[in-house]
Each structure stands twice: as C-alpha cells, then as structure tokens.
Amino acid sequence: MAEAIPLRSPRIQTQDDDPVEVLFARGVTDGLPVVPPTEERVKRMLAGADRDPQEVIGTVGPNYGRATVEKVAINAVMAGCHPSYFPVVLAAVEALSDEKFNAHALNVTTFSATPLTIINGPIRQQIGVNCGHNALGHGFRANATIGRALRLMIINIGGAKPQQITKATMGHPAQYTFCVGENEEESPWEPLHVEKGFRPDQSTVTLFGGHSPLQINDHASRSAEQLALSIGWTMASLWNHKNFPVFSDTVLVVCPEHAKTFAQDGWSKNDLRQFLFEKIRRPWRELRPGVNGGEGAGVSMIPLRNQATEPPTDETLYPKFPEAGSILVIVAGGTAGRFSAAVPGLARGDSGSRIMTKEIRC
C-alpha cells in the first residue's frame with residue numbers, strides 16, 4: 001500500500017557514506033542528528049493517516065512555507081516519529097498554521113517562545129504519550145518526537161533558523177521539544193479538551209506559545225487556599241516580578257497530588273483560576289519603576305487604568321493575571337511529589353499568540 005503513494009519532493013543523491021552528515025551540512029536539523037528521510041520511511045509515515053500527500057495543511061510562519069502532508073511526513077520521519085503518531089503531528093501543524101496562533105511572532109521575537117503541545121483524549125494511551133512521572137522530561141518517544149517534529153517544521157518549512165530569522169535572546173532546552181499529555185486518569189477535574197467543548201472520547205492537540213517551565217515546590221500546604229497562595233505568589237515572578245499584569249496567558253501544570261488537595265476542598269479549575277486572579281495582586285506603590293528593580297509595571301498597566309472608574313492611588317491593587325480566563329490549567333506529572341509548573345506565554349492580543357486546539361483525526 002505504501003509503495004503506491006506518489007512523492008513529489010526532490011531526491012538528494014549523495015555518495016557520502018554518512019547521510020546524517022549530509023543533512024547536517026544542508027542545515028535541516030535542530031542541532032541533533034535526524035533520521036534520514038528515505039522514500040521508504042516517508043511512505044510508511046504517510047500510511048499512518050488517510051490524507052492526500054499533496055494536501056496543504058497550512059502555511060508555517062515566519063516565511064509561510066506550504067506545509068503539505070508530504071512535507072510534514074518528511075519532518076516527522078527526521079524527528080523520529082512512529083507512523084502511529086502522524087495524525088497527532090498533522091493536527092499540531094494545523095494548529096501551528098492557524099493565523100491566530102501566530103507562528104510568525106512566536107519565532108521572530110527576542111522572547112524565547114516555543115510551541116507547547118498538549119495532547120488529550122484516548123490517543124494518549126494508544127500511542128504511549130507520557131502523562132505521568134517525568135511528564136515534561138525525557139525518556140518517551142511519543143512526547144520527544146512529536147514536539148521535535150514541530151521544531152523541525154518551524155525550521156525547514158517556516159524558515160526560522162537561530163541567529164538568522166529567529167532572534168531569541170536566550171533560548172531554552174524546550175525549543176528542541178515541548179510536548180506533554182494531560183494525566184486525565186489522575187485528575188479530579190474535566191480534561192482540557194472537554195473544557196473546550198470536545199467529547200471525552202475525542203482526541204485533541206492544543207498548542208500554547210510558551211517559555212520554559214518554572215517548577216513550583218510545595219510539600220507543606222494542605223488546604224486549597226494555602227496551596228493556591230503558594231503557587232500564585234511563585235507565579236507572580238513570571239516575566240518579571242514587576243509585570244502586573246503579566247503580558248500573556250499562562251499554563252499552570254498541576255501535579256496530581258496538588259490537584260487532589262484542591263479537589264478535597266471542593267475547588268474546580270475555575271475556582272483556582274478565579275482565586276489566582278483575585279488574590280495575586282500588588283499595590284501600585286510596589287510596582288512603580290525603580291522600586292525594588294528598574295523594570296516597573298509600565299505599559300502593562302495601561303489597559304487596567306483605562307478600565308478604572310477612579311484614579312489609581314499608591315494603594316490600588318493590580319492583578320498579576322489579565323483575567324481568570326488567561327490561566328489554562330491542566331493536570332500532569334507523577335502521583336508522588338508535590339511539584340507543579342507554570343509556563344508563561346507570548347504576549348496576548350492581535351500581536352501575540354492565542355491558544356489553539358484541534359481535533360486529531362485518526
């Protein structure tokens with residue numbers, strides 16, 4: 001069956017004994033060795049989804065290269081994906097190509113943004129996505145290669161190469177791969193895709209334009225309010241401790257033990273989001289430029305000032321988060337260890353990146 005699939009991509013003819021070195025020389029890697037995309041491997045990948053190889057999924061910024069199913073398959077091979085992952089990769093590319101996700105902004109900013117891929121639904125277990133211990137770490141092919149496939153497509157289809165178009169000041173290791181499955185089985189709450197209107201038996205991929213995760217340690221809090229304050233005031237340092245409100249949406253990855261603490265006190269995800277929005281606030285006197293650091297709240301205050309009914313005073317409290325809905329909550333990680341994580345995002349609004357969720361068509 002795979003042999004009958006026609007391919008249109010140009011072939012590389014080489015006498016070199018090491019095709020890995022050829023691919024390095026052509027600049028199509030992420031700095032690590034890639035799997036040579038032979039015709040046989042690409043056809044096997046294409047057989048993982050019933051799609052026309054020449055169908056255009058979308059265009060990938062910043063250069064807006066055309067992401068055909070065939071081109072996506074080539075990069076998925078290079079990333080090391082199994083063909084069973086291919087429907088997930090295709091859905092992720094659909095999200096990556098959405099104008100509202102704004103891959104262009106994500107890849108030209110000096111902020112070290114990268115797509116965080118969140119997988120929900122039955123496909124997690126079908127293809128072996130890690131949702132438990134070491135959920136944001138190494139050791140699982142599905143997580144590592146699905147996330148890496150997106151990075152390779154950003155480089156090879158989108159044209160975003162570091163020190164060229166990509167101008168991230170620092171960068172971070174998650175730019176190689178950043179993929180996690182929600183631990184739905186250990187969560188007391190409805191999973192992300194159900195929150196977004198999908199059925200539990202559907203599978204989805206959600207992309208979030210995020211920075212590196214900040215791990216939050218709290219082994220002592222035993223009530224929902226104590227734990228929320230502990231997590232929230234740690235999150236207050238995201239971007240900068242003076243950025244009130246933070247410019248972006250934020251993903252909060254709650255570990256199962258922390259999630260149980262919230263659930264034992266009857267808190268829902270919405271309760272947690274609303275509490276963080278209402279309680280994590282600082283007075284303007286602490287946020288003035290030059291007070292405890294030169295950054296100052298600056299332009300992040302303008303929308304709030306425009307909404308204010310009275311002139312602000314030194315005691316006016318400003319929230320860390322733009323609104324309760326700007327905090328996306330998922331449950332992931334192992335069942336032992338009270339460590340959660342927060343991932344700040346790229347700026348919100350038309351010039352920023354919006355969270356995108358797409359159904360995985362298996």
# chains A, B, ... in the order shown; residues from 1 in each chain; ligands from 1
$ select_by_dssp --residues "region 188-278 of chain A" --states "alpha helix (DSSP H)" --output "VMD selection string"
chain A and resid 192 to 195 224 to 235 256 to 264 269 to 278
$ residues_around --residues "Pro188 (chain A)" --least-positions-apart "2" --cutoff "7 Å" --atoms "only C-alpha atoms" --output "PyMOL selection string"
chain A and resi 186+259-260+263
$ residues_around --residues "Pro283 (chain A)" --least-positions-apart "3" --cutoff "6 Å" --atoms "only C-alpha atoms" --output "MDAnalysis selection string"
chainID A and resid 286 315:317
$ write_last_selection --atoms "C-alpha atoms" --output "PDB file, in the first residue's frame"
ATOM      1  CA  GLU A 286       5.386  48.448  44.865  1.00  0.00           C
ATOM      2  CA  GLU A 315      -2.749  51.507  47.411  1.00  0.00           C
ATOM      3  CA  THR A 316      -4.614  50.499  44.243  1.00  0.00           C
ATOM      4  CA  LEU A 317      -4.173  46.740  43.805  1.00  0.00           C
TER       5      LEU A 317
END
$ closest_residue --among "A:Thr335, A:Thr169, A:Ser340, A:Gln163" --to "Val253 (chain A)" --atoms "only C-alpha atoms"
A:Ser340
$ residues_around --residues "Ile5 (chain A)" --least-positions-apart "4" --cutoff "12 Å" --atoms "only C-alpha atoms" --output "PyMOL selection string"
chain A and resi 1+39-54+69-70
$ residues_around --residues "region 341-351 of chain A" --least-positions-apart "6" --cutoff "7 Å" --atoms "only C-alpha atoms" --output "PyMOL selection string"
chain A and resi 113+209-216+235+238+247-254
$ closest_residue --among "A:Tyr176, A:Phe339, A:Phe321, A:Tyr64" --to "Asn102 (chain A)" --atoms "only C-alpha atoms"
A:Tyr64
$ residues_around --residues "Arg361 (chain A)" --least-positions-apart "6" --cutoff "12 Å" --atoms "only C-alpha atoms" --output "PyMOL selection string"
chain A and resi 48-51+84-92+94+121-123+202-205
$ write_last_selection --atoms "N, CA and C atoms" --output "mmCIF file, in the first residue's frame"
data_model
loop_
_atom_site.group_PDB
_atom_site.id
_atom_site.type_symbol
_atom_site.label_atom_id
_atom_site.label_comp_id
_atom_site.auth_asym_id
_atom_site.auth_seq_id
_atom_site.Cartn_x
_atom_site.Cartn_y
_atom_site.Cartn_z
ATOM 1 N N GLY A 48 0.339 6.297 7.835
ATOM 2 C CA GLY A 48 -0.230 6.431 9.175
ATOM 3 C C GLY A 48 -1.472 7.297 9.225
ATOM 4 N N ALA A 49 -1.806 7.961 8.112
ATOM 5 C CA ALA A 49 -3.018 8.801 8.062
ATOM 6 C C ALA A 49 -3.590 8.761 6.655
ATOM 7 N N ASP A 50 -4.896 8.731 6.560
ATOM 8 C CA ASP A 50 -5.559 8.671 5.256
ATOM 9 C C ASP A 50 -5.724 10.081 4.712
ATOM 10 N N ARG A 51 -4.622 10.661 4.223
ATOM 11 C CA ARG A 51 -4.640 12.026 3.706
ATOM 12 C C ARG A 51 -3.869 12.065 2.387
ATOM 13 N N SER A 84 2.292 5.841 13.749
ATOM 14 C CA SER A 84 1.056 5.969 14.527
ATOM 15 C C SER A 84 0.904 7.357 15.143
ATOM 16 N N TYR A 85 2.010 8.132 15.188
ATOM 17 C CA TYR A 85 1.930 9.489 15.724
ATOM 18 C C TYR A 85 1.476 10.494 14.660
ATOM 19 N N PHE A 86 1.452 10.072 13.411
ATOM 20 C CA PHE A 86 1.283 11.028 12.324
ATOM 21 C C PHE A 86 -0.021 11.828 12.404
ATOM 22 N N PRO A 87 -1.170 11.235 12.783
ATOM 23 C CA PRO A 87 -2.381 12.052 12.918
ATOM 24 C C PRO A 87 -2.230 13.172 13.953
ATOM 25 N N VAL A 88 -1.474 12.905 15.023
ATOM 26 C CA VAL A 88 -1.238 13.936 16.040
ATOM 27 C C VAL A 88 -0.398 15.064 15.449
ATOM 28 N N VAL A 89 0.647 14.693 14.717
ATOM 29 C CA VAL A 89 1.525 15.694 14.110
ATOM 30 C C VAL A 89 0.739 16.560 13.124
ATOM 31 N N LEU A 90 -0.108 15.944 12.328
ATOM 32 C CA LEU A 90 -0.901 16.707 11.349
ATOM 33 C C LEU A 90 -1.824 17.706 12.047
ATOM 34 N N ALA A 91 -2.477 17.272 13.135
ATOM 35 C CA ALA A 91 -3.354 18.186 13.870
ATOM 36 C C ALA A 91 -2.546 19.316 14.501
ATOM 37 N N ALA A 92 -1.346 18.997 14.984
ATOM 38 C CA ALA A 92 -0.487 20.023 15.582
ATOM 39 C C ALA A 92 -0.050 21.048 14.534
ATOM 40 N N GLU A 94 -1.761 21.815 11.889
ATOM 41 C CA GLU A 94 -2.958 22.616 11.616
ATOM 42 C C GLU A 94 -3.069 23.756 12.625
ATOM 43 N N GLY A 121 -7.239 13.017 25.337
ATOM 44 C CA GLY A 121 -8.111 12.006 24.750
ATOM 45 C C GLY A 121 -7.488 10.634 24.668
ATOM 46 N N PRO A 122 -8.221 9.672 24.109
ATOM 47 C CA PRO A 122 -7.779 8.275 24.081
ATOM 48 C C PRO A 122 -6.461 8.042 23.361
ATOM 49 N N ILE A 123 -6.102 8.889 22.403
ATOM 50 C CA ILE A 123 -4.882 8.653 21.627
ATOM 51 C C ILE A 123 -3.636 8.679 22.503
ATOM 52 N N GLN A 202 -13.118 11.956 22.161
ATOM 53 C CA GLN A 202 -12.355 12.573 21.089
ATOM 54 C C GLN A 202 -10.933 12.839 21.560
ATOM 55 N N SER A 203 -10.016 12.934 20.612
ATOM 56 C CA SER A 203 -8.633 13.256 20.930
ATOM 57 C C SER A 203 -8.290 14.604 20.309
ATOM 58 N N THR A 204 -7.507 15.390 21.041
ATOM 59 C CA THR A 204 -7.157 16.724 20.567
ATOM 60 C C THR A 204 -5.693 17.025 20.839
ATOM 61 N N VAL A 205 -5.205 18.043 20.144
ATOM 62 C CA VAL A 205 -3.899 18.608 20.431
ATOM 63 C C VAL A 205 -4.091 20.111 20.629
#
$ residues_around --residues "Gln226 (chain A)" --least-positions-apart "5" --cutoff "12 Å" --atoms "only C-alpha atoms" --output "PDB file with C-alpha atoms, in the first residue's frame"
ATOM      1  CA  ASP A 218       5.071  22.978  47.839  1.00  0.00           C
ATOM      2  CA  HIS A 219       5.144  19.919  50.071  1.00  0.00           C
ATOM      3  CA  ALA A 220       3.580  21.614  53.100  1.00  0.00           C
ATOM      4  CA  SER A 221       0.245  23.202  52.110  1.00  0.00           C
ATOM      5  CA  ILE A 231       1.579  28.604  43.752  1.00  0.00           C
ATOM      6  CA  GLY A 232       0.185  32.023  42.880  1.00  0.00           C
ATOM      7  CA  TRP A 233       2.875  34.087  44.589  1.00  0.00           C
ATOM      8  CA  HIS A 258      -1.672  19.221  44.307  1.00  0.00           C
ATOM      9  CA  THR A 261      -5.544  18.992  47.611  1.00  0.00           C
ATOM     10  CA  PHE A 262      -7.673  21.413  45.610  1.00  0.00           C
ATOM     11  CA  ASP A 265     -11.705  21.309  49.414  1.00  0.00           C
ATOM     12  CA  LEU A 272      -8.456  28.016  41.158  1.00  0.00           C
ATOM     13  CA  PHE A 275      -8.729  32.792  43.152  1.00  0.00           C
ATOM     14  CA  LEU A 276      -5.370  33.436  41.472  1.00  0.00           C
ATOM     15  CA  LYS A 279      -5.710  37.312  45.230  1.00  0.00           C
TER      16      LYS A 279
END
$ closest_residue --among "A:Leu287, A:Val22, A:Ala103, A:Ile146" --to "Asn243 (chain A)" --atoms "only C-alpha atoms"
A:Leu287
$ select_by_dssp --residues "region 70-304 of chain A" --states "strand (DSSP E or B)" --output "ChimeraX atom specification"
/A:114-120,162,166,179-181,204-210,214-217,248-254,281-283
$ write_last_selection --atoms "N, CA and C atoms" --output "compact mmCIF listing (two decimals), in the first residue's frame"
# COMPACT_ATOMS: atom_id res chain seq x y z
N THR A 114 8.22 29.02 22.27
CA THR A 114 8.19 27.77 21.53
C THR A 114 6.83 27.11 21.73
N PRO A 115 6.35 26.31 20.77
CA PRO A 115 5.05 25.67 20.96
C PRO A 115 5.10 24.58 22.04
N LEU A 116 4.25 24.73 23.04
CA LEU A 116 4.00 23.64 23.99
C LEU A 116 2.82 22.86 23.45
N THR A 117 3.02 21.57 23.22
CA THR A 117 1.98 20.70 22.67
C THR A 117 1.34 19.91 23.80
N ILE A 118 0.03 20.03 23.95
CA ILE A 118 -0.71 19.31 24.99
C ILE A 118 -1.67 18.34 24.31
N ILE A 119 -1.56 17.06 24.64
CA ILE A 119 -2.37 16.02 23.99
C ILE A 119 -3.42 15.50 24.97
N ASN A 120 -4.65 15.40 24.48
CA ASN A 120 -5.77 14.92 25.29
C ASN A 120 -6.52 13.81 24.55
N PRO A 162 17.93 29.72 14.02
CA PRO A 162 18.52 30.60 15.03
C PRO A 162 19.67 31.41 14.48
N THR A 166 15.27 33.72 13.52
CA THR A 166 14.98 33.55 14.94
C THR A 166 15.97 34.35 15.77
N CYS A 179 6.36 18.73 24.68
CA CYS A 179 5.11 18.00 24.44
C CYS A 179 4.75 17.21 25.68
N VAL A 180 3.48 17.29 26.08
CA VAL A 180 3.00 16.59 27.27
C VAL A 180 1.58 16.12 27.05
N GLY A 181 1.22 15.03 27.69
CA GLY A 181 -0.17 14.59 27.70
C GLY A 181 -0.79 14.92 29.04
N THR A 204 -7.51 15.39 21.04
CA THR A 204 -7.16 16.72 20.57
C THR A 204 -5.69 17.02 20.84
N VAL A 205 -5.21 18.04 20.14
CA VAL A 205 -3.90 18.61 20.43
C VAL A 205 -4.09 20.11 20.63
N THR A 206 -3.48 20.64 21.66
CA THR A 206 -3.54 22.07 21.97
C THR A 206 -2.14 22.64 21.90
N LEU A 207 -1.98 23.75 21.19
CA LEU A 207 -0.69 24.44 21.13
C LEU A 207 -0.76 25.73 21.93
N PHE A 208 0.29 25.94 22.71
CA PHE A 208 0.44 27.15 23.51
C PHE A 208 1.83 27.71 23.25
N GLY A 209 1.91 28.97 22.89
CA GLY A 209 3.22 29.59 22.64
C GLY A 209 3.87 29.97 23.95
N GLY A 210 4.73 29.10 24.47
CA GLY A 210 5.22 29.29 25.82
C GLY A 210 6.73 29.42 25.94
N LEU A 214 8.55 26.87 34.86
CA LEU A 214 9.05 27.18 36.19
C LEU A 214 8.44 26.17 37.15
N GLN A 215 9.27 25.32 37.76
CA GLN A 215 8.74 24.34 38.69
C GLN A 215 8.45 24.99 40.04
N ILE A 216 7.34 24.57 40.64
CA ILE A 216 6.86 25.15 41.89
C ILE A 216 6.78 24.04 42.93
N ASN A 217 7.55 24.18 43.99
CA ASN A 217 7.62 23.16 45.03
C ASN A 217 6.78 23.58 46.22
N SER A 248 0.83 38.01 29.15
CA SER A 248 0.44 36.83 28.38
C SER A 248 -0.55 35.94 29.11
N ASP A 249 -1.03 34.93 28.38
CA ASP A 249 -1.69 33.80 29.00
C ASP A 249 -0.62 32.96 29.72
N THR A 250 -1.07 32.08 30.58
CA THR A 250 -0.16 31.23 31.34
C THR A 250 -0.74 29.83 31.43
N VAL A 251 0.11 28.82 31.27
CA VAL A 251 -0.30 27.43 31.51
C VAL A 251 0.17 27.03 32.91
N LEU A 252 -0.73 26.55 33.72
CA LEU A 252 -0.39 26.00 35.03
C LEU A 252 -0.55 24.49 34.97
N VAL A 253 0.57 23.79 35.11
CA VAL A 253 0.57 22.33 35.09
C VAL A 253 0.54 21.87 36.54
N VAL A 254 -0.61 21.37 36.97
CA VAL A 254 -0.81 20.98 38.36
C VAL A 254 -0.51 19.48 38.49
N ARG A 281 -2.22 40.01 43.75
CA ARG A 281 -2.24 41.42 43.38
C ARG A 281 -1.24 42.18 44.25
N ARG A 282 -0.71 43.26 43.69
CA ARG A 282 0.21 44.11 44.43
C ARG A 282 -0.22 45.57 44.28
N PRO A 283 0.06 46.39 45.31
CA PRO A 283 -0.29 47.81 45.23
C PRO A 283 0.64 48.56 44.29
$ closest_residue --among "A:Lys269, A:Ala236, A:Gln274, A:Gly31" --to "Pro173 (chain A)" --atoms "only C-alpha atoms"
A:Gly31
$ closest_residue --among "A:Asp30, A:Asp314, A:Glu359, A:Glu278" --to "Leu152 (chain A)" --atoms "only C-alpha atoms"
A:Asp30
$ atom_distance --atom1 "CA of Ser223 (chain A)" --atom2 "CA of Asn240 (chain A)"
27.6 Å
$ closest_residue --among "A:Thr68, A:Thr177, A:Asn63, A:Ser353" --to "Ile155 (chain A)" --atoms "only C-alpha atoms"
A:Asn63
$ atom_distance --atom1 "CA of Phe140 (chain A)" --atom2 "CA of Val194 (chain A)"
25.1 Å
